[in-house]
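One file, data-v3.pdb, carrying PDB, C-alpha atoms:
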```pdb
ATOM      1  CA  MET A   1      16.509 -70.770-123.015  1.00  0.00           C
ATOM      2  CA  ILE A   2      14.125 -73.454-124.188  1.00  0.00           C
ATOM      3  CA  LYS A   3      12.225 -75.233-121.435  1.00  0.00           C
ATOM      4  CA  ILE A   4      11.457 -78.927-121.790  1.00  0.00           C
ATOM      5  CA  LYS A   5       8.210 -79.844-120.059  1.00  0.00           C
ATOM      6  CA  ASP A   6       7.207 -83.225-118.651  1.00  0.00           C
ATOM      7  CA  GLY A   7       5.666 -85.436-121.296  1.00  0.00           C
ATOM      8  CA  MET A   8       7.149 -83.411-124.154  1.00  0.00           C
ATOM      9  CA  ALA A   9       8.753 -85.500-126.883  1.00  0.00           C
ATOM     10  CA  LEU A  10      11.976 -84.415-128.565  1.00  0.00           C
ATOM     11  CA  TRP A  11      12.810 -85.018-132.212  1.00  0.00           C
ATOM     12  CA  LEU A  12      15.294 -84.366-134.985  1.00  0.00           C
ATOM     13  CA  MET A  13      13.942 -83.503-138.429  1.00  0.00           C
ATOM     14  CA  LYS A  14      16.153 -83.412-141.499  1.00  0.00           C
ATOM     15  CA  SER A  15      15.714 -81.228-144.543  1.00  0.00           C
ATOM     16  CA  GLU A  16      17.978 -80.540-147.487  1.00  0.00           C
ATOM     17  CA  PRO A  17      18.595 -76.794-147.199  1.00  0.00           C
ATOM     18  CA  ASP A  18      18.490 -76.277-150.956  1.00  0.00           C
ATOM     19  CA  ALA A  19      14.927 -77.694-150.885  1.00  0.00           C
ATOM     20  CA  TYR A  20      13.699 -76.264-147.528  1.00  0.00           C
ATOM     21  CA  SER A  21      16.034 -74.521-145.110  1.00  0.00           C
ATOM     22  CA  TRP A  22      15.844 -72.982-141.647  1.00  0.00           C
ATOM     23  CA  ASP A  23      15.673 -69.572-143.313  1.00  0.00           C
ATOM     24  CA  ASP A  24      12.737 -70.737-145.463  1.00  0.00           C
ATOM     25  CA  LEU A  25      10.821 -71.811-142.350  1.00  0.00           C
ATOM     26  CA  VAL A  26      11.614 -68.547-140.566  1.00  0.00           C
ATOM     27  CA  ALA A  27      10.399 -66.571-143.599  1.00  0.00           C
ATOM     28  CA  GLU A  28       7.150 -68.588-143.701  1.00  0.00           C
ATOM     29  CA  GLY A  29       6.536 -68.473-139.963  1.00  0.00           C
ATOM     30  CA  GLU A  30       4.880 -71.895-140.110  1.00  0.00           C
ATOM     31  CA  GLY A  31       5.586 -74.726-142.515  1.00  0.00           C
ATOM     32  CA  THR A  32       4.272 -78.169-143.341  1.00  0.00           C
ATOM     33  CA  TRP A  33       6.735 -81.020-142.821  1.00  0.00           C
ATOM     34  CA  ASP A  34       5.679 -83.329-145.623  1.00  0.00           C
ATOM     35  CA  GLY A  35       7.074 -85.632-148.276  1.00  0.00           C
ATOM     36  CA  VAL A  36       8.325 -88.259-145.804  1.00  0.00           C
ATOM     37  CA  ARG A  37       8.067 -91.718-147.379  1.00  0.00           C
ATOM     38  CA  ASN A  38       9.896 -93.888-144.851  1.00  0.00           C
ATOM     39  CA  HIS A  39       7.593 -95.943-142.612  1.00  0.00           C
ATOM     40  CA  LEU A  40       9.540 -95.400-139.371  1.00  0.00           C
ATOM     41  CA  ALA A  41       9.926 -91.660-140.025  1.00  0.00           C
ATOM     42  CA  ALA A  42       6.205 -91.444-140.869  1.00  0.00           C
ATOM     43  CA  ARG A  43       5.359 -93.268-137.633  1.00  0.00           C
ATOM     44  CA  ASN A  44       7.442 -90.691-135.775  1.00  0.00           C
ATOM     45  CA  LEU A  45       5.474 -87.907-137.493  1.00  0.00           C
ATOM     46  CA  ARG A  46       2.196 -89.560-136.454  1.00  0.00           C
ATOM     47  CA  THR A  47       3.456 -89.718-132.853  1.00  0.00           C
ATOM     48  CA  MET A  48       4.219 -85.994-132.662  1.00  0.00           C
ATOM     49  CA  LYS A  49       2.003 -83.758-130.580  1.00  0.00           C
ATOM     50  CA  GLU A  50       1.500 -80.021-130.555  1.00  0.00           C
ATOM     51  CA  GLY A  51       4.196 -78.468-128.387  1.00  0.00           C
ATOM     52  CA  ASP A  52       6.828 -81.159-128.978  1.00  0.00           C
ATOM     53  CA  LEU A  53      10.243 -79.784-129.899  1.00  0.00           C
ATOM     54  CA  ALA A  54      12.587 -80.824-132.690  1.00  0.00           C
ATOM     55  CA  PHE A  55      16.036 -79.980-133.916  1.00  0.00           C
ATOM     56  CA  PHE A  56      16.093 -78.656-137.488  1.00  0.00           C
ATOM     57  CA  TYR A  57      18.949 -80.459-139.237  1.00  0.00           C
ATOM     58  CA  HIS A  58      20.356 -79.408-142.603  1.00  0.00           C
ATOM     59  CA  SER A  59      21.129 -82.653-144.442  1.00  0.00           C
ATOM     60  CA  ASN A  60      23.326 -83.177-147.507  1.00  0.00           C
ATOM     61  CA  ILE A  61      24.540 -79.554-147.507  1.00  0.00           C
ATOM     62  CA  GLY A  62      25.922 -78.418-144.168  1.00  0.00           C
ATOM     63  CA  LEU A  63      25.257 -81.591-142.186  1.00  0.00           C
ATOM     64  CA  GLU A  64      24.430 -79.652-139.049  1.00  0.00           C
ATOM     65  CA  ILE A  65      21.718 -78.903-136.519  1.00  0.00           C
ATOM     66  CA  VAL A  66      20.853 -75.247-137.003  1.00  0.00           C
ATOM     67  CA  GLY A  67      17.765 -74.541-134.927  1.00  0.00           C
ATOM     68  CA  VAL A  68      14.890 -75.643-132.723  1.00  0.00           C
ATOM     69  CA  ILE A  69      11.334 -75.915-134.008  1.00  0.00           C
ATOM     70  CA  THR A  70       8.034 -76.730-132.351  1.00  0.00           C
ATOM     71  CA  ILE A  71       5.248 -78.913-133.619  1.00  0.00           C
ATOM     72  CA  SER A  72       2.367 -76.495-134.085  1.00  0.00           C
ATOM     73  CA  LYS A  73      -0.112 -79.087-135.372  1.00  0.00           C
ATOM     74  CA  GLY A  74       0.183 -82.856-135.344  1.00  0.00           C
ATOM     75  CA  GLY A  75      -1.820 -85.619-136.938  1.00  0.00           C
ATOM     76  CA  ILE A  76      -2.365 -84.206-140.401  1.00  0.00           C
ATOM     77  CA  THR A  77      -2.348 -86.075-143.684  1.00  0.00           C
ATOM     78  CA  ASP A  78       0.511 -85.259-146.023  1.00  0.00           C
ATOM     79  CA  PRO A  79      -0.893 -82.870-148.641  1.00  0.00           C
ATOM     80  CA  THR A  80       1.652 -84.168-151.186  1.00  0.00           C
ATOM     81  CA  ASP A  81       0.238 -87.718-150.971  1.00  0.00           C
ATOM     82  CA  PRO A  82      -2.681 -88.264-153.368  1.00  0.00           C
ATOM     83  CA  GLN A  83      -3.610 -91.539-151.592  1.00  0.00           C
ATOM     84  CA  GLY A  84      -3.712 -89.873-148.171  1.00  0.00           C
ATOM     85  CA  LYS A  85      -1.647 -92.620-146.481  1.00  0.00           C
ATOM     86  CA  TRP A  86       1.351 -90.582-145.313  1.00  0.00           C
ATOM     87  CA  ALA A  87       1.617 -88.269-142.310  1.00  0.00           C
ATOM     88  CA  ALA A  88       2.727 -84.667-141.960  1.00  0.00           C
ATOM     89  CA  VAL A  89       2.907 -82.033-139.226  1.00  0.00           C
ATOM     90  CA  LYS A  90       2.956 -78.258-139.044  1.00  0.00           C
ATOM     91  CA  VAL A  91       6.067 -76.691-137.534  1.00  0.00           C
ATOM     92  CA  LYS A  92       7.156 -73.243-136.369  1.00  0.00           C
ATOM     93  CA  PRO A  93      10.648 -71.946-135.634  1.00  0.00           C
ATOM     94  CA  VAL A  94      11.517 -71.449-131.953  1.00  0.00           C
ATOM     95  CA  GLU A  95      15.098 -70.276-132.113  1.00  0.00           C
ATOM     96  CA  LYS A  96      18.262 -70.563-134.116  1.00  0.00           C
ATOM     97  CA  LEU A  97      21.097 -72.286-132.264  1.00  0.00           C
ATOM     98  CA  LYS A  98      23.863 -69.965-131.092  1.00  0.00           C
ATOM     99  CA  ARG A  99      26.226 -72.038-133.210  1.00  0.00           C
ATOM    100  CA  PRO A 100      25.303 -74.934-135.505  1.00  0.00           C
ATOM    101  CA  VAL A 101      26.286 -78.371-134.220  1.00  0.00           C
ATOM    102  CA  THR A 102      27.822 -80.402-137.020  1.00  0.00           C
ATOM    103  CA  LEU A 103      27.496 -84.104-137.700  1.00  0.00           C
ATOM    104  CA  LYS A 104      31.261 -84.330-137.302  1.00  0.00           C
ATOM    105  CA  GLN A 105      31.011 -82.848-133.780  1.00  0.00           C
ATOM    106  CA  ILE A 106      28.151 -85.202-132.901  1.00  0.00           C
ATOM    107  CA  LYS A 107      30.082 -88.252-134.121  1.00  0.00           C
ATOM    108  CA  ALA A 108      33.095 -87.135-132.062  1.00  0.00           C
ATOM    109  CA  THR A 109      31.032 -86.947-128.853  1.00  0.00           C
ATOM    110  CA  PRO A 110      30.890 -90.343-127.090  1.00  0.00           C
ATOM    111  CA  GLU A 111      27.691 -89.427-125.197  1.00  0.00           C
ATOM    112  CA  LEU A 112      25.902 -89.117-128.560  1.00  0.00           C
ATOM    113  CA  ALA A 113      27.096 -92.401-130.098  1.00  0.00           C
ATOM    114  CA  ASP A 114      23.679 -94.056-129.679  1.00  0.00           C
ATOM    115  CA  MET A 115      21.748 -91.192-131.256  1.00  0.00           C
ATOM    116  CA  ASP A 116      19.426 -92.238-134.091  1.00  0.00           C
ATOM    117  CA  LEU A 117      21.154 -89.604-136.241  1.00  0.00           C
ATOM    118  CA  ILE A 118      24.287 -91.794-136.035  1.00  0.00           C
ATOM    119  CA  ARG A 119      22.763 -95.280-135.809  1.00  0.00           C
ATOM    120  CA  GLN A 120      20.052 -94.754-138.463  1.00  0.00           C
ATOM    121  CA  SER A 121      21.684 -92.112-140.606  1.00  0.00           C
ATOM    122  CA  ARG A 122      19.114 -92.274-143.426  1.00  0.00           C
ATOM    123  CA  LEU A 123      16.139 -91.725-141.101  1.00  0.00           C
ATOM    124  CA  SER A 124      14.740 -88.240-141.756  1.00  0.00           C
ATOM    125  CA  VAL A 125      12.605 -87.916-138.607  1.00  0.00           C
ATOM    126  CA  SER A 126      13.963 -89.441-135.416  1.00  0.00           C
ATOM    127  CA  ALA A 127      13.499 -89.316-131.662  1.00  0.00           C
ATOM    128  CA  VAL A 128      16.040 -87.550-129.452  1.00  0.00           C
ATOM    129  CA  LYS A 129      16.579 -88.508-125.808  1.00  0.00           C
ATOM    130  CA  PRO A 130      16.537 -85.703-123.203  1.00  0.00           C
ATOM    131  CA  ASP A 131      20.229 -86.205-122.349  1.00  0.00           C
ATOM    132  CA  GLU A 132      21.138 -86.057-126.058  1.00  0.00           C
ATOM    133  CA  TRP A 133      19.082 -82.877-126.415  1.00  0.00           C
ATOM    134  CA  ALA A 134      20.811 -81.238-123.458  1.00  0.00           C
ATOM    135  CA  ARG A 135      24.263 -82.218-124.743  1.00  0.00           C
ATOM    136  CA  ILE A 136      23.594 -80.746-128.208  1.00  0.00           C
ATOM    137  CA  ILE A 137      22.244 -77.510-126.732  1.00  0.00           C
ATOM    138  CA  ALA A 138      25.372 -77.282-124.546  1.00  0.00           C
ATOM    139  CA  MET A 139      27.593 -77.895-127.572  1.00  0.00           C
ATOM    140  CA  SER A 140      25.831 -75.079-129.428  1.00  0.00           C
ATOM    141  CA  GLU A 141      26.350 -72.686-126.532  1.00  0.00           C
ATOM    142  CA  ALA A 142      29.994 -73.615-125.872  1.00  0.00           C
ATOM    143  CA  ALA A 143      32.675 -71.153-126.895  1.00  0.00           C
ATOM    144  CA  THR A 144      34.348 -72.069-130.146  1.00  0.00           C
ATOM    145  CA  ALA A 145      37.980 -73.096-129.998  1.00  0.00           C
TER     146      ALA A 145
END
```
Would it be possible to restate this file's structure as structure tokens?
Amino acid sequence: MIKIKDGMALWLMKSEPDAYSWDDLVAEGEGTWDGVRNHLAARNLRTMKEGDLAFFYHSNIGLEIVGVITISKGGITDPTDPQGKWAAVKVKPVEKLKRPVTLKQIKATPELADMDLIRQSRLSVSAVKPDEWARIIAMSEAATA
């Protein structure tokens, strides 16, 4: 069970699994979350602190939250940006969800209607509220029908 501590921020980070998947991160042990070129998503990256937690979301293929990651190092410059203007963070896997939580399930859950994942669907790095986090974890742990 993942413990959320006071002051810890919660996030959702999207990656196309054919480019960088949960399994890729697990195999690496620690990865660099880079290549983000949206100003709001980059601001979210700059806000992240070591120890914050994030959902790892497979976008385009799968459309589902598959695991929980931790920010292992915040405040780094994106190594893929030659101008050094964009942000990146280091991340490590914490645990795979018991069952992935799909975008379809999230959209069908009224308590999650205000989630940035729904309201700002193109945003690749977004904040998650504690109640949204708890609901998604519960959905992952619920018995399948």
*Once the PyMOL selection byres ((chain A and resi 87-91) around 6) has been applied to the shown file, what residues remain in the selection, as a list in words?*
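This file, filtered by the PyMOL selection byres ((chain A and resi 87-91) around 6), leaves Glu30, Gly31, Thr32, Trp33, Asp34, Ala42, Thr70, Ile71, Ser72, Lys73, Gly74, Ile76, Thr77, Asp78, Trp86 and Lys92 of chain A.
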Let me see the file: selected residues, C-alpha atoms, as a short mmCIF file (atom, residue, chain, number, x, y, z; two decimals), in the coordinates of the input.
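Full text of selection-v9.cif as output:
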```
data_model
loop_
_atom_site.label_atom_id
_atom_site.label_comp_id
_atom_site.auth_asym_id
_atom_site.auth_seq_id
_atom_site.Cartn_x
_atom_site.Cartn_y
_atom_site.Cartn_z
CA GLU A 30 4.88 -71.90 -140.11
CA GLY A 31 5.59 -74.73 -142.51
CA THR A 32 4.27 -78.17 -143.34
CA TRP A 33 6.74 -81.02 -142.82
CA ASP A 34 5.68 -83.33 -145.62
CA ALA A 42 6.20 -91.44 -140.87
CA THR A 70 8.03 -76.73 -132.35
CA ILE A 71 5.25 -78.91 -133.62
CA SER A 72 2.37 -76.50 -134.08
CA LYS A 73 -0.11 -79.09 -135.37
CA GLY A 74 0.18 -82.86 -135.34
CA ILE A 76 -2.37 -84.21 -140.40
CA THR A 77 -2.35 -86.08 -143.68
CA ASP A 78 0.51 -85.26 -146.02
CA TRP A 86 1.35 -90.58 -145.31
CA LYS A 92 7.16 -73.24 -136.37
#
```
*asked:* Once the PyMOL selection byres ((chain A and resi 14) around 8) has been evaluated on this model, what residues remain selected, and can you format them as a list in words?
replied: Leu12, Met13, Ser15, Glu16, Phe56, Tyr57, His58, Ser59, Ser124 and Val125 of chain A
_Residues matched by the PyMOL selection byres ((chain A and resi 66) around 9), written as an MDAnalysis selection string_ = chainID A and resid 22 55:58 64:65 67:68 96:102
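Protein, DNA and RNA residues at most 6 Å from (27.8, -87.7, -132.7), with only C-alpha atoms, are these: Gln105, Ile106, Lys107, Ala108, Thr109, Leu112 and Ala113 of chain A.
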*Can you work out which one of A:Ala138, A:Leu63, A:Ala127, A:Leu103 has the shortest atom-to-atom distance to Ser21 in chain A, counting only C-alpha atoms?*
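Between A:Ala138, A:Leu63, A:Ala127, A:Leu103, the residue approaching Ser21 in chain A most closely is A:Leu63.
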*So what do you get for CA of Asp131 in chain A versus CA of Leu25 in chain A, distance-wise?*
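Straight-line distance from CA of Asp131 in chain A to CA of Leu25 in chain A works out to 26.4 Å.
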*Between CA of Ala142 in chain A and CA of Glu95 in chain A - distance in Å to one decimal*: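 It comes out at 16.5 Å.
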*What does the distance between CA of Arg37 in chain A and CA of Lys104 in chain A come to in Å, to one decimal place?*
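Between these atoms lies a distance of 26.3 Å.
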_Just checking: using only C-alpha atoms, which residue out of A:Arg135, A:Val26, A:Ser126, A:Asp114 ends up closest to Thr47 in chain A?_
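So, comparing all the options, the nearest one is A:Ser126.
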*For Met48 in chain A, which of A:Leu117, A:Lys3, A:Ala9, A:Asp81 is the closest residue, counting only C-alpha atoms?*
A:Ala9
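Comparing A:Ser121, A:Asn60, A:Ser140, A:Thr80 by their smallest distance to Tyr20 in chain A, the closest is A:Asn60 (using only C-alpha atoms).
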For Met8 in chain A, list every protein, DNA or RNA residue within 12 Å, evaluated using all atoms listed in the file, and leave out those in the same chain fewer than 2 positions away; present the list as an mmCIF file with C-alpha atoms, in the frame of the given file.
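In the end it all went to selection.cif:
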```cif
data_model
loop_
_atom_site.group_PDB
_atom_site.id
_atom_site.type_symbol
_atom_site.label_atom_id
_atom_site.label_comp_id
_atom_site.auth_asym_id
_atom_site.auth_seq_id
_atom_site.Cartn_x
_atom_site.Cartn_y
_atom_site.Cartn_z
ATOM 1 C CA LYS A 3 12.225 -75.233 -121.435
ATOM 2 C CA ILE A 4 11.457 -78.927 -121.790
ATOM 3 C CA LYS A 5 8.210 -79.844 -120.059
ATOM 4 C CA ASP A 6 7.207 -83.225 -118.651
ATOM 5 C CA LEU A 10 11.976 -84.415 -128.565
ATOM 6 C CA TRP A 11 12.810 -85.018 -132.212
ATOM 7 C CA THR A 47 3.456 -89.718 -132.853
ATOM 8 C CA MET A 48 4.219 -85.994 -132.662
ATOM 9 C CA LYS A 49 2.003 -83.758 -130.580
ATOM 10 C CA GLU A 50 1.500 -80.021 -130.555
ATOM 11 C CA GLY A 51 4.196 -78.468 -128.387
ATOM 12 C CA ASP A 52 6.828 -81.159 -128.978
ATOM 13 C CA LEU A 53 10.243 -79.784 -129.899
ATOM 14 C CA ALA A 54 12.587 -80.824 -132.690
ATOM 15 C CA THR A 70 8.034 -76.730 -132.351
ATOM 16 C CA ILE A 71 5.248 -78.913 -133.619
ATOM 17 C CA ALA A 127 13.499 -89.316 -131.662
ATOM 18 C CA VAL A 128 16.040 -87.550 -129.452
ATOM 19 C CA LYS A 129 16.579 -88.508 -125.808
ATOM 20 C CA PRO A 130 16.537 -85.703 -123.203
#
```
Could you add whatever atoms are missing so that range 36-54 of chain A carries N, CA and C atoms, then write the result as an mmCIF file, keeping the file's coordinate frame?
```cif
data_model
loop_
_atom_site.group_PDB
_atom_site.id
_atom_site.type_symbol
_atom_site.label_atom_id
_atom_site.label_comp_id
_atom_site.auth_asym_id
_atom_site.auth_seq_id
_atom_site.Cartn_x
_atom_site.Cartn_y
_atom_site.Cartn_z
ATOM 1 N N VAL A 36 7.606 -87.159 -146.460
ATOM 2 C CA VAL A 36 8.325 -88.259 -145.804
ATOM 3 C C VAL A 36 7.716 -89.583 -146.272
ATOM 4 N N ARG A 37 8.552 -90.452 -146.836
ATOM 5 C CA ARG A 37 8.067 -91.718 -147.379
ATOM 6 C C ARG A 37 8.790 -92.927 -146.788
ATOM 7 N N ASN A 38 9.301 -92.790 -145.598
ATOM 8 C CA ASN A 38 9.896 -93.888 -144.851
ATOM 9 C C ASN A 38 8.913 -94.244 -143.741
ATOM 10 N N HIS A 39 8.623 -95.535 -143.569
ATOM 11 C CA HIS A 39 7.593 -95.943 -142.612
ATOM 12 C C HIS A 39 7.923 -95.574 -141.173
ATOM 13 N N LEU A 40 9.175 -95.749 -140.741
ATOM 14 C CA LEU A 40 9.540 -95.400 -139.371
ATOM 15 C C LEU A 40 9.483 -93.880 -139.169
ATOM 16 N N ALA A 41 9.986 -93.123 -140.129
ATOM 17 C CA ALA A 41 9.926 -91.660 -140.025
ATOM 18 C C ALA A 41 8.472 -91.187 -140.012
ATOM 19 N N ALA A 42 7.630 -91.812 -140.840
ATOM 20 C CA ALA A 42 6.205 -91.444 -140.869
ATOM 21 C C ALA A 42 5.529 -91.791 -139.548
ATOM 22 N N ARG A 43 5.904 -92.908 -138.952
ATOM 23 C CA ARG A 43 5.359 -93.268 -137.633
ATOM 24 C C ARG A 43 5.759 -92.218 -136.594
ATOM 25 N N ASN A 44 7.004 -91.748 -136.683
ATOM 26 C CA ASN A 44 7.442 -90.691 -135.775
ATOM 27 C C ASN A 44 6.607 -89.434 -135.982
ATOM 28 N N LEU A 45 6.324 -89.070 -137.225
ATOM 29 C CA LEU A 45 5.474 -87.907 -137.493
ATOM 30 C C LEU A 45 4.086 -88.089 -136.875
ATOM 31 N N ARG A 46 3.529 -89.292 -137.012
ATOM 32 C CA ARG A 46 2.196 -89.560 -136.454
ATOM 33 C C ARG A 46 2.188 -89.483 -134.931
ATOM 34 N N THR A 47 3.328 -89.737 -134.310
ATOM 35 C CA THR A 47 3.456 -89.718 -132.853
ATOM 36 C C THR A 47 3.544 -88.301 -132.306
ATOM 37 N N MET A 48 3.977 -87.364 -133.125
ATOM 38 C CA MET A 48 4.219 -85.994 -132.662
ATOM 39 C C MET A 48 2.946 -85.310 -132.208
ATOM 40 N N LYS A 49 3.115 -84.522 -131.156
ATOM 41 C CA LYS A 49 2.003 -83.758 -130.580
ATOM 42 C C LYS A 49 2.345 -82.275 -130.611
ATOM 43 N N GLU A 50 1.312 -81.461 -130.623
ATOM 44 C CA GLU A 50 1.500 -80.021 -130.555
ATOM 45 C C GLU A 50 2.322 -79.684 -129.319
ATOM 46 N N GLY A 51 3.335 -78.859 -129.495
ATOM 47 C CA GLY A 51 4.196 -78.468 -128.387
ATOM 48 C C GLY A 51 5.487 -79.257 -128.292
ATOM 49 N N ASP A 52 5.562 -80.432 -128.942
ATOM 50 C CA ASP A 52 6.828 -81.159 -128.978
ATOM 51 C C ASP A 52 7.880 -80.281 -129.642
ATOM 52 N N LEU A 53 9.138 -80.537 -129.310
ATOM 53 C CA LEU A 53 10.243 -79.784 -129.899
ATOM 54 C C LEU A 53 11.074 -80.687 -130.802
ATOM 55 N N ALA A 54 11.717 -80.076 -131.790
ATOM 56 C CA ALA A 54 12.587 -80.824 -132.690
ATOM 57 C C ALA A 54 13.780 -79.970 -133.083
#
```
